[in-house]
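**Student:** Here you go, data08.cif (mmCIF, C-alpha atoms):
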```cif
data_work
loop_
_atom_site.label_atom_id
_atom_site.label_comp_id
_atom_site.auth_asym_id
_atom_site.auth_seq_id
_atom_site.Cartn_x
_atom_site.Cartn_y
_atom_site.Cartn_z
CA MET A 1 0.00 0.00 0.00
CA THR A 2 1.35 3.40 -0.86
CA ALA A 3 0.32 6.56 0.91
CA ASP A 4 -1.59 7.95 -2.04
CA SER A 5 -4.12 5.12 -1.95
CA TYR A 6 -5.49 6.71 1.21
CA ALA A 7 -5.77 10.19 -0.27
CA ALA A 8 -9.32 10.95 -1.37
CA PRO A 9 -9.23 11.63 -5.12
CA ARG A 10 -12.08 13.57 -6.68
CA PRO A 11 -14.94 11.16 -7.43
CA TRP A 12 -15.34 12.18 -11.06
CA SER A 13 -11.66 11.72 -11.97
CA GLU A 14 -11.70 8.38 -10.17
CA PHE A 15 -14.79 7.36 -12.16
CA MET A 16 -13.11 8.42 -15.42
CA LEU A 17 -9.95 6.45 -14.57
CA GLY A 18 -12.13 3.36 -14.32
CA ALA A 19 -14.03 4.22 -17.49
CA ARG A 20 -10.76 4.57 -19.41
CA ARG A 21 -9.80 1.01 -18.45
CA SER A 22 -13.07 -0.20 -19.98
CA LEU A 23 -12.13 0.80 -23.55
CA PRO A 24 -10.30 -2.39 -24.65
CA VAL A 25 -13.03 -4.42 -22.97
CA LEU A 26 -15.68 -2.63 -25.02
CA VAL A 27 -13.84 -3.40 -28.27
CA ALA A 28 -13.23 -7.06 -27.41
CA ALA A 29 -16.72 -7.78 -26.09
CA ALA A 30 -18.76 -5.90 -28.71
CA PRO A 31 -18.84 -8.67 -31.35
CA PHE A 32 -20.04 -11.13 -28.72
CA GLY A 33 -22.72 -8.79 -27.42
CA LEU A 34 -24.03 -8.38 -30.98
CA LEU A 35 -23.64 -12.07 -31.78
CA PHE A 36 -25.62 -12.97 -28.69
CA GLY A 37 -28.54 -10.77 -29.74
CA MET A 38 -28.46 -12.25 -33.22
CA LEU A 39 -28.36 -15.89 -32.03
CA ALA A 40 -31.03 -15.25 -29.40
CA VAL A 41 -33.55 -14.27 -32.05
CA GLU A 42 -32.55 -17.26 -34.19
CA ASN A 43 -33.17 -19.54 -31.19
CA GLY A 44 -36.71 -18.26 -30.69
CA PHE A 45 -36.17 -15.42 -28.22
CA SER A 46 -38.08 -12.18 -28.63
CA THR A 47 -36.05 -8.95 -28.79
CA PHE A 48 -37.21 -8.17 -25.24
CA GLU A 49 -36.07 -11.57 -23.96
CA ALA A 50 -32.66 -11.17 -25.62
CA VAL A 51 -32.11 -7.77 -24.02
CA PHE A 52 -33.50 -8.98 -20.69
CA MET A 53 -31.09 -11.92 -20.64
CA SER A 54 -28.05 -9.68 -21.26
CA ALA A 55 -29.26 -7.20 -18.63
CA ALA A 56 -30.17 -9.73 -15.94
CA ILE A 57 -27.54 -12.48 -16.30
CA TYR A 58 -24.73 -10.33 -17.76
CA ALA A 59 -22.33 -13.20 -18.47
CA GLY A 60 -21.62 -13.80 -22.15
CA ALA A 61 -20.52 -17.43 -22.30
CA SER A 62 -23.34 -18.65 -20.08
CA GLN A 63 -25.88 -16.70 -22.14
CA MET A 64 -24.66 -18.44 -25.30
CA VAL A 65 -24.87 -21.84 -23.62
CA GLY A 66 -28.37 -21.03 -22.37
CA LEU A 67 -29.49 -20.09 -25.90
CA ASP A 68 -27.98 -23.16 -27.40
CA LEU A 69 -29.62 -25.57 -24.95
CA PHE A 70 -32.96 -23.81 -25.12
CA GLY A 71 -32.85 -24.05 -28.91
CA ALA A 72 -32.10 -27.78 -28.54
CA LYS A 73 -35.31 -28.21 -26.47
CA ILE A 74 -33.47 -29.30 -23.31
CA ALA A 75 -35.49 -29.32 -20.04
CA PRO A 76 -35.58 -25.79 -18.54
CA TRP A 77 -33.99 -26.80 -15.21
CA LEU A 78 -31.04 -28.28 -17.12
CA VAL A 79 -30.63 -25.03 -19.03
CA VAL A 80 -30.54 -23.16 -15.73
CA LEU A 81 -28.09 -25.65 -14.23
CA SER A 82 -25.79 -25.24 -17.24
CA ILE A 83 -25.86 -21.45 -16.89
CA PHE A 84 -24.87 -21.95 -13.24
CA ALA A 85 -22.06 -24.35 -14.22
CA VAL A 86 -20.58 -21.91 -16.73
CA ASN A 87 -20.70 -19.10 -14.18
CA PHE A 88 -19.31 -21.08 -11.28
CA ARG A 89 -15.85 -19.51 -11.75
CA HIS A 90 -17.29 -16.27 -10.35
CA VAL A 91 -17.25 -17.86 -6.88
CA LEU A 92 -13.46 -17.71 -7.11
CA TYR A 93 -13.50 -14.13 -8.38
CA SER A 94 -15.80 -13.09 -5.57
CA ALA A 95 -13.69 -14.72 -2.86
CA THR A 96 -10.49 -13.26 -4.35
CA ILE A 97 -11.49 -9.64 -4.92
CA GLY A 98 -13.76 -9.58 -1.85
CA ARG A 99 -10.65 -9.42 0.33
CA GLN A 100 -9.95 -5.96 -1.13
CA LEU A 101 -13.45 -4.53 -0.66
CA SER A 102 -13.71 -4.44 3.13
CA HIS A 103 -13.89 -0.63 3.03
CA TRP A 104 -17.08 -0.74 0.92
CA THR A 105 -20.50 -0.40 2.53
CA PRO A 106 -22.75 -3.51 2.45
CA LEU A 107 -24.96 -1.86 -0.19
CA GLN A 108 -21.93 -1.07 -2.37
CA ARG A 109 -20.97 -4.74 -2.15
CA VAL A 110 -24.49 -5.89 -3.04
CA ILE A 111 -24.37 -3.68 -6.16
CA GLY A 112 -20.72 -4.25 -7.01
CA PHE A 113 -20.83 -8.04 -7.12
CA PHE A 114 -23.54 -7.95 -9.79
CA PHE A 115 -20.97 -6.46 -12.20
CA LEU A 116 -18.15 -8.93 -11.45
CA VAL A 117 -17.52 -10.20 -15.00
CA ASP A 118 -14.14 -11.59 -16.16
CA PRO A 119 -12.53 -8.29 -17.27
CA GLN A 120 -13.99 -6.45 -14.27
CA PHE A 121 -12.30 -8.93 -11.96
CA ALA A 122 -9.00 -8.88 -13.84
CA GLU A 123 -8.83 -5.06 -13.97
CA ALA A 124 -9.67 -4.78 -10.27
CA GLU A 125 -6.99 -7.33 -9.36
CA GLN A 126 -4.46 -5.40 -11.44
CA ARG A 127 -5.37 -2.23 -9.60
CA VAL A 128 -4.74 -4.01 -6.31
CA GLU A 129 -1.41 -5.23 -7.65
CA SER A 130 -0.36 -1.70 -8.57
CA GLY A 131 -0.84 -0.73 -4.92
CA ARG A 132 -3.99 1.34 -5.27
CA ALA A 133 -7.28 0.77 -3.46
CA VAL A 134 -10.31 -0.41 -5.45
CA SER A 135 -12.76 2.40 -4.72
CA PHE A 136 -16.43 1.91 -5.46
CA THR A 137 -16.38 4.94 -7.77
CA TRP A 138 -13.47 3.57 -9.82
CA TYR A 139 -15.11 0.14 -9.93
CA MET A 140 -18.39 1.54 -11.25
CA GLY A 141 -16.53 3.74 -13.75
CA LEU A 142 -15.16 0.52 -15.18
CA ALA A 143 -18.41 -1.45 -14.86
CA LEU A 144 -21.10 0.88 -16.19
CA PRO A 145 -19.75 1.43 -19.76
CA ILE A 146 -19.18 -2.34 -20.16
CA TYR A 147 -22.65 -3.14 -18.85
CA ALA A 148 -24.45 -0.43 -20.86
CA CYS A 149 -22.77 -1.48 -24.11
CA TRP A 150 -23.46 -5.16 -23.43
CA VAL A 151 -27.20 -4.51 -23.04
CA VAL A 152 -27.40 -2.19 -26.06
CA GLU A 153 -25.46 -4.71 -28.18
CA ALA A 154 -27.99 -7.45 -27.41
CA TRP A 155 -30.71 -5.14 -28.67
CA LEU A 156 -28.77 -4.11 -31.82
CA GLY A 157 -27.82 -7.72 -32.51
CA ALA A 158 -31.43 -8.84 -32.19
CA LEU A 159 -32.56 -6.10 -34.59
CA PHE A 160 -29.75 -6.03 -37.18
CA GLY A 161 -27.62 -9.11 -36.50
CA ARG A 162 -27.86 -10.59 -39.93
CA LEU A 163 -26.26 -7.51 -41.50
CA ILE A 164 -22.71 -8.35 -40.30
CA PRO A 165 -21.02 -9.39 -43.58
CA ASP A 166 -18.25 -11.89 -42.76
CA PRO A 167 -17.44 -12.07 -39.02
CA HIS A 168 -14.72 -14.67 -39.59
CA ALA A 169 -12.69 -12.56 -42.04
CA LEU A 170 -12.80 -9.68 -39.55
CA GLY A 171 -11.45 -11.96 -36.83
CA LEU A 172 -14.46 -11.22 -34.62
CA ASP A 173 -14.77 -14.76 -33.31
CA PHE A 174 -11.23 -14.68 -31.91
CA LEU A 175 -11.12 -11.26 -30.23
CA LEU A 176 -11.98 -12.58 -26.78
CA PRO A 177 -9.24 -15.23 -26.63
CA ILE A 178 -6.71 -12.54 -27.64
CA TYR A 179 -8.05 -10.19 -25.00
CA PHE A 180 -8.04 -12.90 -22.32
CA LEU A 181 -4.46 -13.77 -23.24
CA GLY A 182 -3.58 -10.11 -22.62
CA LEU A 183 -5.15 -10.40 -19.17
CA VAL A 184 -3.29 -13.65 -18.40
CA MET A 185 -0.01 -11.96 -19.39
CA SER A 186 -0.72 -8.95 -17.20
CA PHE A 187 -0.47 -11.17 -14.09
CA ARG A 188 2.93 -12.59 -15.04
CA LYS A 189 4.74 -10.96 -12.07
CA ARG A 190 2.71 -12.98 -9.56
CA ALA A 191 4.20 -15.85 -7.61
CA LEU A 192 3.97 -19.20 -9.42
CA TRP A 193 2.46 -17.56 -12.51
CA LEU A 194 4.09 -19.87 -15.06
CA PRO A 195 3.33 -23.19 -13.29
CA VAL A 196 -0.26 -22.08 -12.64
CA VAL A 197 -0.78 -21.06 -16.28
CA GLY A 198 0.80 -24.31 -17.50
CA VAL A 199 -1.28 -26.58 -15.27
CA SER A 200 -4.52 -24.70 -15.94
CA ALA A 201 -3.89 -24.80 -19.69
CA VAL A 202 -3.18 -28.52 -19.76
CA ALA A 203 -6.04 -29.39 -17.39
CA SER A 204 -8.56 -27.27 -19.28
CA ILE A 205 -7.55 -28.74 -22.64
CA ILE A 206 -7.81 -32.30 -21.32
CA ALA A 207 -11.18 -31.51 -19.72
CA TYR A 208 -12.34 -29.83 -22.94
CA LYS A 209 -11.49 -32.99 -24.89
CA THR A 210 -12.95 -35.46 -22.37
CA VAL A 211 -15.65 -33.96 -20.13
CA GLY A 212 -16.49 -31.20 -22.59
CA SER A 213 -17.43 -27.52 -22.43
CA PRO A 214 -18.29 -25.67 -20.15
CA TRP A 215 -16.80 -27.88 -17.43
CA HIS A 216 -13.24 -27.33 -18.72
CA VAL A 217 -13.29 -23.83 -17.22
CA SER A 218 -14.02 -24.94 -13.65
CA ILE A 219 -11.78 -28.02 -13.89
CA GLY A 220 -8.83 -26.13 -15.38
CA ALA A 221 -9.24 -23.26 -12.94
CA LEU A 222 -9.38 -25.53 -9.88
CA ALA A 223 -6.25 -27.37 -11.05
CA GLY A 224 -4.35 -24.07 -11.18
CA VAL A 225 -5.74 -22.85 -7.87
CA PHE A 226 -4.83 -26.11 -6.09
CA LEU A 227 -1.33 -25.90 -7.51
CA GLY A 228 -1.06 -22.34 -6.20
CA ALA A 229 -2.24 -23.47 -2.77
CA LEU A 230 -0.01 -26.55 -2.57
CA LEU A 231 3.34 -25.39 -3.94
CA PRO A 232 5.60 -23.55 -1.54
CA PRO A 233 5.29 -19.86 -2.43
CA GLY A 234 8.14 -18.27 -4.36
CA LYS A 235 10.47 -15.68 -2.89
CA ALA A 236 8.35 -12.78 -4.09
CA ALA A 237 5.22 -14.10 -2.38
CA ARG A 238 7.00 -14.61 0.94
CA GLU A 239 8.27 -11.05 0.85
CA GLU A 240 4.79 -9.79 0.08
CA ALA A 241 3.36 -11.73 3.01
CA GLN A 242 5.76 -10.17 5.50
CA MET B 1 -44.72 -15.17 -18.71
CA SER B 2 -42.87 -17.49 -21.07
CA THR B 3 -40.52 -20.37 -20.18
CA ILE B 4 -37.66 -18.28 -21.53
CA PHE B 5 -38.48 -15.51 -19.08
CA TRP B 6 -38.29 -17.85 -16.07
CA ILE B 7 -35.10 -19.51 -17.32
CA ILE B 8 -33.54 -16.05 -17.48
CA VAL B 9 -34.78 -15.09 -13.99
CA ALA B 10 -33.48 -18.34 -12.43
CA GLY B 11 -30.19 -18.07 -14.35
CA ALA B 12 -29.75 -14.47 -13.20
CA VAL B 13 -30.37 -15.33 -9.53
CA LEU B 14 -27.89 -18.22 -9.61
CA THR B 15 -25.32 -16.12 -11.47
CA TYR B 16 -25.61 -13.39 -8.87
CA LEU B 17 -25.15 -15.98 -6.12
CA THR B 18 -21.86 -17.11 -7.70
CA ARG B 19 -20.68 -13.49 -7.80
CA ALA B 20 -21.60 -12.69 -4.21
CA GLY B 21 -21.19 -16.19 -2.78
CA GLY B 22 -17.41 -16.54 -2.75
CA HIS B 23 -17.08 -13.38 -0.71
CA LEU B 24 -19.99 -14.30 1.60
CA VAL B 25 -18.41 -17.64 2.46
CA LEU B 26 -14.88 -16.29 2.85
CA SER B 27 -15.91 -13.30 4.97
CA ARG B 28 -17.24 -15.68 7.67
CA PHE B 29 -13.68 -16.59 8.57
CA GLU B 30 -11.69 -14.33 10.87
CA ARG B 31 -8.36 -15.39 9.44
CA ILE B 32 -7.69 -16.83 6.02
CA HIS B 33 -5.30 -19.77 5.96
CA PRO B 34 -2.09 -18.95 4.01
CA ARG B 35 -2.75 -21.87 1.65
CA VAL B 36 -6.21 -20.51 0.84
CA GLU B 37 -4.64 -17.10 0.37
CA ALA B 38 -2.05 -18.56 -2.01
CA GLY B 39 -4.75 -20.43 -3.91
CA LEU B 40 -6.82 -17.27 -4.31
CA ASN B 41 -3.78 -15.36 -5.56
CA ALA B 42 -3.55 -17.94 -8.34
CA VAL B 43 -7.18 -17.35 -9.40
CA PRO B 44 -6.68 -14.70 -12.13
CA ALA B 45 -4.02 -16.66 -14.04
CA ALA B 46 -5.78 -20.00 -13.49
CA VAL B 47 -9.27 -19.00 -14.62
CA LEU B 48 -8.29 -16.68 -17.47
CA THR B 49 -5.95 -19.34 -18.89
CA THR B 50 -8.86 -21.77 -19.24
CA LEU B 51 -10.62 -19.19 -21.43
CA VAL B 52 -7.64 -19.07 -23.82
CA ALA B 53 -6.14 -22.58 -23.90
CA PRO B 54 -8.90 -24.56 -25.69
CA ALA B 55 -9.33 -21.74 -28.23
CA ALA B 56 -5.59 -21.79 -28.88
CA MET B 57 -5.62 -25.56 -29.29
CA GLU B 58 -8.51 -25.45 -31.77
CA GLY B 59 -6.92 -22.56 -33.67
CA GLY B 60 -5.12 -22.81 -37.00
CA PRO B 61 -1.81 -21.11 -37.94
CA ALA B 62 -3.39 -17.63 -38.05
CA GLU B 63 -4.85 -17.93 -34.56
CA ILE B 64 -1.68 -19.46 -33.06
CA ALA B 65 0.49 -16.76 -34.66
CA ALA B 66 -1.78 -14.00 -33.35
CA LEU B 67 -1.63 -15.37 -29.79
CA ALA B 68 2.15 -15.92 -29.99
CA VAL B 69 2.77 -12.34 -31.16
CA GLY B 70 0.39 -11.04 -28.49
CA ALA B 71 2.26 -12.95 -25.79
CA MET B 72 5.62 -11.66 -27.05
CA ILE B 73 4.43 -8.05 -27.07
CA SER B 74 3.21 -8.48 -23.48
CA LEU B 75 6.53 -10.01 -22.43
CA ALA B 76 8.36 -7.08 -24.04
CA GLY B 77 6.35 -4.79 -21.77
CA GLY B 78 3.69 -3.64 -24.24
CA GLY B 79 0.38 -2.61 -22.71
CA MET B 80 -3.00 -4.20 -23.36
CA MET B 81 -3.97 -1.97 -26.29
CA PRO B 82 -0.77 -2.43 -28.38
CA MET B 83 -0.87 -6.14 -27.68
CA PHE B 84 -4.57 -6.47 -28.53
CA LEU B 85 -4.44 -4.37 -31.71
CA SER B 86 -1.25 -5.97 -33.12
CA ALA B 87 -2.49 -9.50 -32.48
CA THR B 88 -5.88 -8.73 -34.04
CA ALA B 89 -4.30 -7.04 -37.09
CA LEU B 90 -2.03 -10.05 -37.63
CA LEU B 91 -4.99 -12.41 -37.29
CA ILE B 92 -7.03 -10.56 -39.92
CA LEU B 93 -4.03 -10.34 -42.25
CA LEU B 94 -3.17 -14.04 -41.96
CA ARG B 95 -6.79 -15.13 -42.38
CA HIS B 96 -6.90 -13.17 -45.64
CA LEU B 97 -3.56 -14.56 -46.85
CA LEU B 98 -4.15 -18.16 -45.78
CA GLY B 99 -7.79 -18.12 -46.81
#
```
Spit out the file's structure as structure tokens when you get a sec.
**Tutor:**
Amino acid sequence: MTADSYAAPRPWSEFMLGARRSLPVLVAAAPFGLLFGMLAVENGFSTFEAVFMSAAIYAGASQMVGLDLFGAKIAPWLVVLSIFAVNFRHVLYSATIGRQLSHWTPLQRVIGFFFLVDPQFAEAEQRVESGRAVSFTWYMGLALPIYACWVVEAWLGALFGRLIPDPHALGLDFLLPIYFLGLVMSFRKRALWLPVVGVSAVASIIAYKTVGSPWHVSIGALAGVFLGALLPPGKAAREEAQ
Amino acid sequence: MSTIFWIIVAGAVLTYLTRAGGHLVLSRFERIHPRVEAGLNAVPAAVLTTLVAPAAMEGGPAEIAALAVGAMISLAGGGMMPMFLSATALLILLRHLLG
């Protein structure tokens, strides 16, 4: 912790600092927001239901899985269970970032956790790593643009989705993996980063091939987390703990 | 209300529980065991890796090259935007060239 994390910055500039961090997220997530709206309508959702799903669940991969299973006429409770399975990783996010939010009021926590999507978590963790406190204002500055665009994209996708000419040639289907790789790399100074990345990668690929999606996310993640818990911490981590 | 509506409501409630639940459980403990602490510190790399690895494995030369260049730019100290834009530009270029 550095001294300046205790200074009270002006709320608006703090909000804008968060909003600026949302820009790459907006670019990377936009194709998926639009794609979701488009696929929702193709799977029998109304435009309202498509927008409602993005606004209420706010978790891209699980929304796609939900659509897919609903379109395949799977029992509703199984669709719900699958959405839960895809989103289970958020339990880890919540436990991890929650340690940094003890200065928030209970209401701020109730609101804040709703917006805890992958990039939100990663950006907040990076802010912690850079020695600055995660203020509620900064957090919402990051969250609100991402959320607003996500909801609007579902609506635009539902209305105009079929107008996108050739998503593959534009690389749209691969923007998220590139963006997530950037996030993985941004944590490379952490203790045990390389072994954790290696084990999670191998475990998730094996699970993807055998158990299948979406379970590879939880299985791969737990493998990496257990490795992090079991291995003796590196020198850097011991210094941090003291 | 339609079946879809109730699927969305139930999915939203469960999703919110995953986002609040980890913190709710952990905050019941006075002290966090160092092993738990170490495990949680591994969460960002562990989870985010699982979102990249299968996509990388399924990818062709264009996708692999884009990820490799992105990783190298990050290692060289490039920020998120340079990394993201260069990797994406290379991906589009290679997809055009390789068909």
**Student:** Please evaluate the PyMOL selection byres ((chain B) within 7 of (chain A)) against the structure above and give the resulting residues as a ChimeraX atom specification.
**Tutor:** /B:5,7-8,10-12,14-16,18-23,26,35-36,38-40,42-55,67,71,74,80-81,83-84,88,91-92,95-96
**Student:** Applied to this file, what does the PyMOL selection byres ((chain A and resi 158) around 12) return in terms of residues, put as an NGL selection string?
**Tutor:** :A and (33-54 or 151-157 or 159-164)
**Student:** Deliver the residues from the most recent selection as a file, using C-alpha atoms, as a CSV table (one decimal), in the coordinates of the input.
**Tutor:**
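Generated file (selection_26.csv):
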```
chain,number,residue,atom,x,y,z
A,33,GLY,CA,-22.7,-8.8,-27.4
A,34,LEU,CA,-24.0,-8.4,-31.0
A,35,LEU,CA,-23.6,-12.1,-31.8
A,36,PHE,CA,-25.6,-13.0,-28.7
A,37,GLY,CA,-28.5,-10.8,-29.7
A,38,MET,CA,-28.5,-12.2,-33.2
A,39,LEU,CA,-28.4,-15.9,-32.0
A,40,ALA,CA,-31.0,-15.2,-29.4
A,41,VAL,CA,-33.6,-14.3,-32.0
A,42,GLU,CA,-32.6,-17.3,-34.2
A,43,ASN,CA,-33.2,-19.5,-31.2
A,44,GLY,CA,-36.7,-18.3,-30.7
A,45,PHE,CA,-36.2,-15.4,-28.2
A,46,SER,CA,-38.1,-12.2,-28.6
A,47,THR,CA,-36.0,-9.0,-28.8
A,48,PHE,CA,-37.2,-8.2,-25.2
A,49,GLU,CA,-36.1,-11.6,-24.0
A,50,ALA,CA,-32.7,-11.2,-25.6
A,51,VAL,CA,-32.1,-7.8,-24.0
A,52,PHE,CA,-33.5,-9.0,-20.7
A,53,MET,CA,-31.1,-11.9,-20.6
A,54,SER,CA,-28.0,-9.7,-21.3
A,151,VAL,CA,-27.2,-4.5,-23.0
A,152,VAL,CA,-27.4,-2.2,-26.1
A,153,GLU,CA,-25.5,-4.7,-28.2
A,154,ALA,CA,-28.0,-7.4,-27.4
A,155,TRP,CA,-30.7,-5.1,-28.7
A,156,LEU,CA,-28.8,-4.1,-31.8
A,157,GLY,CA,-27.8,-7.7,-32.5
A,159,LEU,CA,-32.6,-6.1,-34.6
A,160,PHE,CA,-29.8,-6.0,-37.2
A,161,GLY,CA,-27.6,-9.1,-36.5
A,162,ARG,CA,-27.9,-10.6,-39.9
A,163,LEU,CA,-26.3,-7.5,-41.5
A,164,ILE,CA,-22.7,-8.4,-40.3
```
**Student:** Give the answer as one residue: which of A:Pro214, A:Cys149, A:Ala75, A:Pro31 has the shortest atom-to-atom distance to Thr3 (chain B), using all atoms listed in the file?
**Tutor:**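 Closest candidate: A:Ala75.
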**Student:** CA of Ser130 (chain A) and CA of Ser27 (chain B) are how many Å apart?
**Tutor:** 23.7 Å
**Student:** Report the distance between CA of Lys73 (chain A) and CA of Asp166 (chain A) in Å, rounded to one decimal place.
**Tutor:** 28.7 Å
**Student:** Rounded to one decimal, what separation in Å do you get between CA of Asp173 (chain A) and CA of Gly70 (chain B)?
**Tutor:**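 Atom-to-atom, CA of Asp173 (chain A) and CA of Gly70 (chain B) are spaced 16.3 Å apart.
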**Student:** Is it possible to get the axis-aligned box enclosing region 171-190 of chain A (all listed atoms, 8 Å extra per side) as lines of an AutoDock Vina configuration file, with centre and edge lengths in Å rounded to one decimal?
**Tutor:**
```
center_x = -5.0
center_y = -12.1
center_z = -23.2
size_x = 35.5
size_y = 22.3
size_z = 43.3
```
**Student:** Taking 3 positions as the minimum chain separation for residues in the same chain, which residues sit within 9 Å of Ala19 (chain A) when counting only C-alpha atoms? Answer as a list in words.
**Tutor:**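 What passes the distance filter is Glu14, Phe15, Met16, Ser22, Leu23, Trp138, Tyr139, Met140, Gly141, Leu142, Ala143, Leu144, Pro145 and Ile146 of chain A.
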